[in-house]
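This report refers to the structure that appears directly beneath it.
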Amino acid sequence: MIHKVKHVKQTRSIDYKMDIRLRVTLGVLFLLFSFYMLLAMVGFFFTGGIDQSLVDISTKEILRSETVAANPTGKLGALLSNLLINRWFGLSSLIFCYLLFIIGKRFFNKTVHHFPRQIITGIILIIWISLFFGYLSHFFSTGYLFPGGEHGYFVSAWLNSLIGQVGTLFLLILLFVAILAFGFSGIFTRCLAAVRAYAARRAEREETRRLERERKQREKESREEEDRPGQDEEEELPPFPLPDNEFPPERPEKTLYDDDDDIELTVTTTRQEERIDTNLQPTEDYDPTLDLSHYQAPPLDLLAEHSSDTPKVTPEELEENKKTIVETLRNYKIEITKIKVTVGPTVTLYEIVPAPGVKIAWIKRLEDDIALSLAALGIRIIAPIPGAGTVGIEVPNQQPEIVSMRGILAAKKFQESKYALPVALGRTISNEPYTFDLTKMPHLLVAGATGQGKSVGLNAIITSLLYKKHPAQLKFVMIDPKKVELSIYSSIERHFLAKLPNEEEAIITETSKVITTLKSLCVEMDSRYDLLKSAQVRNVKEYNDKFVARHLNPNHGHRFLPYIVVIIDEFGDLIMTAGKEVELPIARIAQLARAVGIHMIIATQRPSANIITGVIKANFPARIAFKVAAAVDSRVILDSTGANQLIGRGDMLISVNNDTTRVQCAFVDTPEVEKITKYIASQQGYASAYELPEYHDDADGSSGSDSNQGSKDPLFNDAARLVVRTQQGSTSSIQRYFSIGYTRAGRIMDQLARAGIVGPGEGSKARQVLVQDEYSLEKMLGSLSDYI
């Protein structure tokens, strides 16, 4: 038997060597032949006229040594080059040399990008070039050389007789565009980009000249107005009323730019003049972190090093446990052939390989007996370990180790991660840092009994995100019915938190406000989907990449979209008090919000079926289970048992798409979180928390809603002057100029529309400005009341 196996291996080795020899031989053959043909055809351009006498002689005459060719590749090269160039495809036959060359490369296992497409495109290009030069050869003579070959000459002549010379030319142009589009997509894209860029520059110049003409016209009208008799110059209202002792500083530069094919202008406005400078176009990518450019992430020194370097499990303990497991199984006539040990921070995994004929179910039944023999609680048997072909027995360590959050965040796996929302949660049984991307989850359910580490787990998730993300890239919506768990993060409101407009507290604690906030998040989600649709992208990452590259126009409503992480603590209390009013918006956000960058983390200490309903479970495929009291609670969370066998104090099971991993949660103490939030709060922040869109419930009645909307915003007059002066009815320009939230800017724009200063909304386009000059605007503002 052994002899046969060796013989088979030897035969395969010989076949493999023969295959290599054959491929090398064929590769060298094609490469050399390609260079030979290239030299022959290049020589044909210089010696083709001299060697024309060889074309019509017999084969016997060609084989005679007295017959000599001027071509450097001899008589064979002269005949082949004449055949390919004059008789067949003309000058395009040179492409055959390239095709032979890449075929030779493939025999050497060299990578040739898009090899089939290159072969097909090359053949089609040979035919097209032959037709093109054949078409041209009807208009001038080329001597002995036929640029398109006989193929190009006769086929083009047939096409000329069929559709005329003009039709043949149009057909050649059509075929060229098709070859360029399908065979050379990169060149085709760059050509289109160049054409669009030229059109954009031309439109920009035209628009600049138009704006300049309008500016001169307004200045002329203004001078004529001043020269009229009886005009009191002192009654002219300034564009922005200021105290007498103040002089307005020069306005910051405001960039107006369109998506792809509109104008791109940079406008600088001062009190004395309004000028247009087309030389200040943005050339760099947009930086969303520029408003807080000096922001620094918290240093690792703020975290304490809780874990020690000394091993908590001694070799004697490992040997004793191995011996006990083997003896216990042997008492039930279960033999094992191998046992492997992996020491973790909290538990030690003993992987056993049962002897042939042993059923895994027998070992699973002995869970309690093994726990009794080892005198340990929390024994968990994994039968079998997925992908390992072994049975795992997890035994708690006598002295469990504390996993430090500082060590997890300092790990190379976390520091070098490219995740959009990186989360470092703890260490696995193999002592590897457990990290994941929250955007891939995309939502997280955290459940466990009281005092088993759920709050520490939430703090670990929040802390890892604070260490990795800039305030411009991430916002938290924190809902805390207990009012004490998440209040520690209230100090970073102006950096990382989001809230409803006109709310005093960013940490939501009242049930009525929780419902309003969740519905506001649904409005935000729908708004973001409209932006994605307008930008023709599929997710928030593609949208932000496009916005950063300045391919989206803020004047059309586009804006940088930060990730929003919604954290709901004590979800069970909300379900008990609000029921479907809370569950339905959560389910809607969980179903749809992933693509627009909104992710949810809900936590509860009541893992019962009436709290974690089927709707919640269906939309939260990623779940974390801390220790629970009963197996039925574990099934509610994970759809399987196991969480009831954990040992507590941060010991948890993480299930992602039915793949379960045991992890010891990293410990981050409350004083450490306070240091982190205090460090962030000490730095420059935004003017206020990130504003969520307003949500008005129709059931609340119309009077209250109308009073809120009808009260004129304090910035209404200044915003009206800005819109009329720039002739840009853009919500984003108001937002940027006055440094206010997008929701408030939109509310001001709606008031301007009701006042008749701008027209109605037109989707993503800027609104039409109905007032043409500031003089007419001041008259209109004087007649408006405080309610619109």
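Residues are referred to by chain and number: the chain letter is A, B, ... according to the order shown in the structure tokens, the number counts from 1 in that chain, and ligands are numbered separately from 1 in the order shown.
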Need the shell around Gly407 (chain A): protein/DNA/RNA residues with any atom at most 12 Å away, counting only C-alpha atoms. Skip same-chain ones fewer than 4 positions apart. Format as a list in words? Leu300, Asp301, Leu303, Ala304, Glu305, His306, Ser307, Ser308, Asp309, Ile402, Val403, Ala411, Lys412, Lys413, Phe414, Gln415, Ala424, Leu425, Gly426, Arg427, Asn431, Glu432, Pro433, Tyr434, Ser464, Ala666, Phe667 and Val668 of chain A
Contacts of Leu125 (chain A) at 10 Å or less, counting only C-alpha atoms, minus same-chain residues fewer than 3 places along, as an MDAnalysis selection string? chainID A and resid 92:93 95 119:122 128:131 175:176 179:180 183
Take the residues from that selection and write them out as a compact mmCIF listing (two decimals), in the first residue's frame, keeping all heavy atoms.
```
# COMPACT_ATOMS: atom_id res chain seq x y z
N SER A 92 -2.23 47.68 -39.07
CA SER A 92 -2.75 47.15 -37.81
C SER A 92 -2.20 45.77 -37.48
O SER A 92 -2.36 45.29 -36.36
CB SER A 92 -4.28 47.10 -37.86
OG SER A 92 -4.71 46.21 -38.88
N SER A 93 -1.52 45.13 -38.44
CA SER A 93 -0.93 43.81 -38.17
C SER A 93 0.16 43.88 -37.11
O SER A 93 0.52 42.85 -36.53
CB SER A 93 -0.36 43.22 -39.46
OG SER A 93 -1.37 43.05 -40.44
N ILE A 95 -0.25 44.92 -34.28
CA ILE A 95 -0.88 44.54 -33.01
C ILE A 95 -0.72 43.04 -32.76
O ILE A 95 -0.72 42.60 -31.60
CB ILE A 95 -2.36 44.96 -33.01
CG1 ILE A 95 -2.47 46.48 -33.18
CG2 ILE A 95 -3.08 44.53 -31.74
CD1 ILE A 95 -3.88 46.99 -33.28
N ILE A 119 -7.17 40.37 -25.61
CA ILE A 119 -7.12 39.59 -26.85
C ILE A 119 -8.26 39.98 -27.78
O ILE A 119 -8.05 40.27 -28.97
CB ILE A 119 -7.16 38.08 -26.53
CG1 ILE A 119 -5.91 37.66 -25.73
CG2 ILE A 119 -7.26 37.27 -27.81
CD1 ILE A 119 -4.61 37.78 -26.49
N ILE A 120 -9.48 40.04 -27.21
CA ILE A 120 -10.65 40.36 -28.04
C ILE A 120 -10.55 41.79 -28.56
O ILE A 120 -10.80 42.06 -29.74
CB ILE A 120 -11.94 40.15 -27.22
CG1 ILE A 120 -12.09 38.68 -26.84
CG2 ILE A 120 -13.15 40.63 -28.00
CD1 ILE A 120 -13.24 38.40 -25.90
N THR A 121 -10.17 42.72 -27.67
CA THR A 121 -10.05 44.12 -28.10
C THR A 121 -8.98 44.28 -29.16
O THR A 121 -9.14 45.04 -30.13
CB THR A 121 -9.73 45.01 -26.89
OG1 THR A 121 -10.72 44.83 -25.88
CG2 THR A 121 -9.66 46.47 -27.29
N GLY A 122 -7.85 43.55 -29.01
CA GLY A 122 -6.78 43.63 -30.01
C GLY A 122 -7.23 43.17 -31.38
O GLY A 122 -6.93 43.81 -32.40
N TRP A 128 -10.66 47.17 -37.21
CA TRP A 128 -11.10 48.57 -37.39
C TRP A 128 -10.01 49.42 -38.05
O TRP A 128 -10.29 50.21 -38.94
CB TRP A 128 -11.46 49.16 -36.03
CG TRP A 128 -12.00 50.57 -36.16
CD1 TRP A 128 -13.29 50.93 -36.36
CD2 TRP A 128 -11.24 51.78 -36.11
NE1 TRP A 128 -13.41 52.29 -36.46
CE2 TRP A 128 -12.16 52.85 -36.30
CE3 TRP A 128 -9.89 52.08 -35.94
CZ2 TRP A 128 -11.76 54.18 -36.32
CZ3 TRP A 128 -9.48 53.40 -35.96
CH2 TRP A 128 -10.41 54.44 -36.15
N ILE A 129 -8.76 49.29 -37.59
CA ILE A 129 -7.68 50.08 -38.18
C ILE A 129 -7.50 49.72 -39.65
O ILE A 129 -7.23 50.58 -40.50
CB ILE A 129 -6.37 49.86 -37.39
CG1 ILE A 129 -6.52 50.41 -35.97
CG2 ILE A 129 -5.19 50.52 -38.08
CD1 ILE A 129 -5.33 50.12 -35.09
N SER A 130 -7.66 48.44 -39.95
CA SER A 130 -7.58 48.02 -41.35
C SER A 130 -8.66 48.70 -42.19
O SER A 130 -8.39 49.20 -43.29
CB SER A 130 -7.69 46.50 -41.44
OG SER A 130 -7.78 46.08 -42.79
N LEU A 131 -9.88 48.75 -41.67
CA LEU A 131 -10.97 49.42 -42.38
C LEU A 131 -10.71 50.92 -42.50
O LEU A 131 -10.97 51.53 -43.55
CB LEU A 131 -12.30 49.18 -41.66
CG LEU A 131 -12.90 47.78 -41.77
CD1 LEU A 131 -14.12 47.66 -40.89
CD2 LEU A 131 -13.27 47.47 -43.22
N LEU A 175 -17.97 52.77 -34.50
CA LEU A 175 -17.18 51.62 -34.05
C LEU A 175 -16.02 52.05 -33.16
O LEU A 175 -15.67 51.37 -32.18
CB LEU A 175 -16.67 50.83 -35.26
CG LEU A 175 -17.73 50.12 -36.11
CD1 LEU A 175 -17.08 49.47 -37.32
CD2 LEU A 175 -18.46 49.07 -35.28
N PHE A 176 -15.39 53.20 -33.48
CA PHE A 176 -14.28 53.69 -32.66
C PHE A 176 -14.75 54.03 -31.25
O PHE A 176 -14.08 53.70 -30.26
CB PHE A 176 -13.67 54.92 -33.33
CG PHE A 176 -12.57 55.55 -32.52
CD1 PHE A 176 -11.32 54.96 -32.44
CD2 PHE A 176 -12.81 56.72 -31.82
CE1 PHE A 176 -10.31 55.53 -31.69
CE2 PHE A 176 -11.80 57.30 -31.06
CZ PHE A 176 -10.54 56.70 -31.00
N ILE A 179 -15.36 50.78 -29.38
CA ILE A 179 -14.10 50.15 -28.96
C ILE A 179 -13.49 50.90 -27.79
O ILE A 179 -13.00 50.30 -26.83
CB ILE A 179 -13.12 50.10 -30.15
CG1 ILE A 179 -13.64 49.16 -31.24
CG2 ILE A 179 -11.74 49.65 -29.69
CD1 ILE A 179 -12.84 49.21 -32.53
N LEU A 180 -13.55 52.23 -27.83
CA LEU A 180 -12.98 53.03 -26.75
C LEU A 180 -13.75 52.82 -25.46
O LEU A 180 -13.16 52.73 -24.38
CB LEU A 180 -13.00 54.50 -27.15
CG LEU A 180 -12.13 55.46 -26.31
CD1 LEU A 180 -10.67 55.11 -26.46
CD2 LEU A 180 -12.38 56.90 -26.74
N GLY A 183 -13.44 48.62 -24.70
CA GLY A 183 -12.10 48.06 -24.64
C GLY A 183 -11.11 48.88 -23.85
O GLY A 183 -10.15 48.35 -23.30
```
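For Val391 (chain A), the list of residues within 10 Å, based on only C-alpha atoms and with local chain neighbours fewer than 4 positions off taken out, reads Ile339, Leu349, Tyr350, Glu351, Ile352, Val353, Pro354, Ile360, Ile363, Lys364, Ile381, Ile382, Ala383, Pro384, Ile385 and Pro386 of chain A.
Closest to Tyr686 (chain A) among A:Leu574, A:Leu211, A:Val565, A:Ala472 is A:Ala472, based on only C-alpha atoms.
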Contact check, region 433-491 of chain A to region 636-643 of chain A, at most 12 Å, counting only C-alpha atoms, closest pairs as a Markdown table:
```
| residue | atom | partner | partner_atom | distance |
| --- | --- | --- | --- | --- |
| A:Leu444 | CA | A:Ile637 | CA | 11.3 |
| A:Leu445 | CA | A:Ile637 | CA | 8.2 |
| A:Val446 | CA | A:Ile637 | CA | 8.5 |
| A:Ala447 | CA | A:Ile637 | CA | 7.1 |
| A:Gly448 | CA | A:Ala643 | CA | 8.4 |
| A:Ala449 | CA | A:Ala643 | CA | 10.1 |
| A:Gln452 | CA | A:Ala643 | CA | 11.1 |
```
For Gly344 (chain A), which of A:Met441, A:Val395, A:Ile429, A:Leu474 is the closest residue, counting only C-alpha atoms? A:Ile429
DSSP helix (DSSP H, G or I) residues within region 516-742 of chain A, listed as number ranges by chain: A: 516-535, 540-548, 554-556, 571-578, 580-596, 614-619, 631-638, 643-645, 670-681, 698-700, 702-710, 716-726, 731-738, 742
Give me the residues within 9 Å of Gly746 (chain A) as a list in words, counting only C-alpha atoms and dropping any in the same chain fewer than 4 places off.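 Contacts, in chain order: Thr731, Ser732, Ile734, Gln735, Gly741, Tyr742, Asp750 and Gln751 of chain A.
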